[in-house]
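Peer 1: Handing you a structure now.
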Amino acid sequence: MMDLAQIRGDFPVLKRLENGKPLIYLDSASTSQKPHSVILAESRFYQEQNANVRRGIYLLAYEATELYEAARRRVATFIGARSEEVVFTRGTTEALNLAAWAVGETRVSPGDRILVTEMEHHANLIPWQELARRKRAELLAIPISEEGHLDLAAFRKMLTSRTKVVAVTHVSNVLGTVNPISDIVEEAHGVGAVVVVDAAQSAPHMSLRVTELGCDALAFSGHKMLGPTGIGVLWAKSELLEAWPPFLTGGEMIREVWLDRATWADPPAKFEAGTPPIAQAIGLAAAVEYLERIGMDVVQTHGRELTTLALAGLQSRPHVEIYGPKKAEERGALVAFNLRGLHPHDVATLLDQEGICIRAGHHCAQPLHRRLGLAASCRASFHIYNTREEVEAFLEALDRVWEALR
């Protein structure tokens, strides 16, 4: 049984007051709060083991390297992968840029086809746009239904022998839709395409096993899963990492260097040029340990319970328009919505005056908002430290916003 009071006590920022009221943080899809154990793991490294990795032969450098590689092993276990398949990056955005660059250099030629979806975050859209431009390839978007599900029939029609890559989010950061990755992978592999998955919104909330998903590459960020900012993960199959060229070059990603040429180190070092995010990786390992101690099934169940409550409350208010699937079991731990006739920024500003933090804007998904006929939306998102009482307080505050602004 999860002790929610104890969990909330692990997050220092939740003791903060906003305008004399307890902070209600409902923006974890943007970035999550951090428990003491993550904060202390980073701090302890700087206080006790700070040195660069893979370079020094002295004890301090050895300890730093061991901690860094232990973090890699911990993250690999978290997603059911081998540690040599885990590349540390600065976040999901860099990981997807790396994947798009490398796929483009090894698999995409003029006239080839790249598939994305209408619900992609800019981080899993713009790198593929740039690849299509650079290689003179065709970029197509898989459409969505009115309720926010992918149109799989349309997807199958788009798949041809020219399709080289399918880039898809696991969980939409606006609609909350949980996409059927295994089904998409099976169809894409049928025409020889590789599948790259943006797991930024799924890794923090559900158990991920890359072998079960079947995808070829997968990316996520530490800061959305209770970990530090500035750290992300790109997982890819070993045969891809062996074939891919490096995205960044410089120190520590080389085997040998001459004035006119160089050879590369084995993956994952091949993709980690320069000084990596050492302390952040150690903090991410602490976040993974924290989540695993609770249990990812428990994390997912808790998020679904809060989402169910929020959906029911929003659906009962006729002036609220909700985007994405109407059933909590079909979505992640977030809800995007608007109050009819009110600007999302006004709604978020008045909620902030009551100590309630939500997101308002296009959520780095402008094409999706255009598809929905919107300039912006409000979004409430949840994590393990949120309570039913906070969701109810949010709904009651939303009523006051409506009364004040309508």
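So you can find residues: chains in the structure tokens are A, B, ... in the order shown, residues in each start at 1, and ligands are numbered from 1 in order.
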Quick check for you: according to DSSP on this backbone, which residues of stretch 27-183 of chain A are classed as helix (DSSP H, G or I)? Reply as a ChimeraX atom specification.
Peer 2: /A:36-49,59-78,83-85,92-107,122-124,126-135,152-158,181-183
Peer 1: With C-alpha atoms retained, export the selected residues as a compact mmCIF listing (two decimals), in the first residue's frame.
Peer 2:
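Generated file (selection.txt):
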# COMPACT_ATOMS: atom_id res chain seq x y z
CA HIS A 36 15.41 14.33 -1.32
CA SER A 37 17.23 11.19 -2.49
CA VAL A 38 17.80 12.62 -5.98
CA ILE A 39 18.90 16.01 -4.68
CA LEU A 40 21.27 14.35 -2.21
CA ALA A 41 22.73 11.96 -4.81
CA GLU A 42 23.81 14.87 -6.99
CA SER A 43 25.03 16.90 -4.03
CA ARG A 44 26.97 13.97 -2.57
CA PHE A 45 28.77 13.40 -5.86
CA TYR A 46 29.98 17.00 -5.96
CA GLN A 47 30.99 16.89 -2.30
CA GLU A 48 32.66 13.48 -2.20
CA GLN A 49 33.50 12.04 -5.65
CA LEU A 59 41.14 6.88 -7.26
CA LEU A 60 38.71 9.82 -7.34
CA ALA A 61 38.38 9.58 -11.13
CA TYR A 62 37.91 5.82 -10.87
CA GLU A 63 35.11 6.25 -8.34
CA ALA A 64 33.38 8.87 -10.51
CA THR A 65 33.58 6.59 -13.53
CA GLU A 66 32.19 3.65 -11.55
CA LEU A 67 29.25 5.76 -10.35
CA TYR A 68 28.56 7.01 -13.86
CA GLU A 69 28.60 3.54 -15.40
CA ALA A 70 26.55 2.16 -12.50
CA ALA A 71 23.94 4.78 -13.35
CA ARG A 72 23.92 3.53 -16.93
CA ARG A 73 23.40 -0.05 -15.75
CA ARG A 74 20.56 1.07 -13.46
CA VAL A 75 18.78 2.89 -16.29
CA ALA A 76 19.31 -0.06 -18.65
CA THR A 77 17.68 -2.41 -16.16
CA PHE A 78 14.78 0.03 -15.77
CA SER A 83 23.91 -1.13 -20.64
CA GLU A 84 25.96 -0.82 -23.84
CA GLU A 85 22.73 0.15 -25.63
CA THR A 92 14.82 13.67 -25.06
CA THR A 93 15.37 16.47 -27.58
CA GLU A 94 19.06 15.74 -28.02
CA ALA A 95 18.41 12.00 -28.09
CA LEU A 96 15.88 12.35 -30.91
CA ASN A 97 18.14 14.72 -32.83
CA LEU A 98 20.91 12.14 -32.54
CA ALA A 99 18.63 9.38 -33.78
CA ALA A 100 17.30 11.46 -36.68
CA TRP A 101 20.81 12.47 -37.76
CA ALA A 102 22.15 8.94 -37.59
CA VAL A 103 19.14 7.33 -39.29
CA GLY A 104 19.40 9.92 -42.02
CA GLU A 105 23.08 9.22 -42.60
CA THR A 106 22.60 5.45 -42.77
CA ARG A 107 19.10 4.73 -44.10
CA HIS A 122 8.24 19.42 -31.68
CA ALA A 123 11.22 17.41 -30.41
CA ASN A 124 10.00 14.41 -32.42
CA ILE A 126 11.47 19.10 -36.28
CA PRO A 127 14.51 16.74 -36.40
CA TRP A 128 12.62 14.64 -38.98
CA GLN A 129 11.61 17.77 -40.89
CA GLU A 130 15.27 18.73 -41.10
CA LEU A 131 16.23 15.22 -42.17
CA ALA A 132 13.60 15.25 -44.93
CA ARG A 133 14.85 18.63 -46.12
CA ARG A 134 18.49 17.57 -46.01
CA LYS A 135 17.93 14.28 -47.81
CA LEU A 152 -4.08 3.03 -38.02
CA ALA A 153 -5.87 2.32 -41.29
CA ALA A 154 -4.36 5.49 -42.75
CA PHE A 155 -1.00 4.51 -41.28
CA ARG A 156 -1.05 1.18 -43.09
CA LYS A 157 -1.81 2.91 -46.38
CA MET A 158 1.18 5.21 -45.85
CA ILE A 181 3.64 0.88 -30.13
CA SER A 182 3.92 -2.89 -30.56
CA ASP A 183 1.30 -2.87 -33.31
Peer 1: Any idea what's packed within 7 Å of A:Arg255, counting only C-alpha atoms, ignoring anything in its chain fewer than 3 positions away? Could you give it as a ChimeraX atom specification?
Peer 2: /A:263-265
Peer 1: Within 6 Å of A:Arg379, counting only C-alpha atoms, which residues qualify if same-chain residues fewer than 4 places away don't, as a list in words?
Peer 2: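 The neighbour list is Val335, Ala336, Ile358 and Arg359 of chain A.
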Peer 1: Write the selection just made, keeping N, CA and C atoms, as a PDB file, in the first residue's frame?
Peer 2:
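Dumped to again_7.pdb:
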ATOM      1  N   VAL A 335      -4.407  15.808 -18.554  1.00  0.00           N
ATOM      2  CA  VAL A 335      -5.645  16.202 -19.227  1.00  0.00           C
ATOM      3  C   VAL A 335      -5.457  17.603 -19.798  1.00  0.00           C
ATOM      4  N   ALA A 336      -5.674  17.743 -21.105  1.00  0.00           N
ATOM      5  CA  ALA A 336      -5.673  19.059 -21.740  1.00  0.00           C
ATOM      6  C   ALA A 336      -7.118  19.484 -21.953  1.00  0.00           C
ATOM      7  N   ILE A 358      -0.653  24.980 -13.397  1.00  0.00           N
ATOM      8  CA  ILE A 358      -0.939  24.193 -14.580  1.00  0.00           C
ATOM      9  C   ILE A 358      -0.201  24.815 -15.757  1.00  0.00           C
ATOM     10  N   ARG A 359      -0.175  24.116 -16.865  1.00  0.00           N
ATOM     11  CA  ARG A 359       0.468  24.626 -18.074  1.00  0.00           C
ATOM     12  C   ARG A 359      -0.579  25.245 -18.975  1.00  0.00           C
TER      13      ARG A 359
END
Peer 1: Which one is closest to A:Arg54: A:Thr275, A:Thr349, A:Gln33, A:Asn386? Count only C-alpha atoms.
Peer 2: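 Closest residue, counting only C-alpha atoms: A:Thr275.
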Peer 1: Using only C-alpha atoms, pick whichever of A:Arg400, A:His121, A:Arg82, A:His189 has the shortest atom-to-atom distance to A:Gly176.
Peer 2: A:His121
Peer 1: Go ahead and compute the interatomic distance for atom CA of A:Ser161 and atom CA of A:Leu234, in Å to one decimal.
Peer 2: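 For atom CA of A:Ser161 relative to atom CA of A:Leu234, the distance reads 26.5 Å.
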Peer 1: Report, in Å with one decimal, the straight-line distance from atom CA of A:Gly232 to atom CA of A:Thr89.
Peer 2: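 Those two atoms sit 4.8 Å apart.
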Peer 1: Taking 2 positions as the minimum chain separation for residues in the same chain, which residues sit within 8 Å of A:Thr211 when counting only C-alpha atoms? Answer as a list in words.
Peer 2: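 Listed by chain and then number, they are Gly80, Ala81, Arg209, Leu213, Gly214 and Cys215 of chain A.
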Peer 1: Compare A:Thr308, A:Ser377, A:Asn173, A:Gln6 by their minimum atom-to-atom distance to A:Ile294, counting only C-alpha atoms, and give me the closest one.
Peer 2: A:Gln6
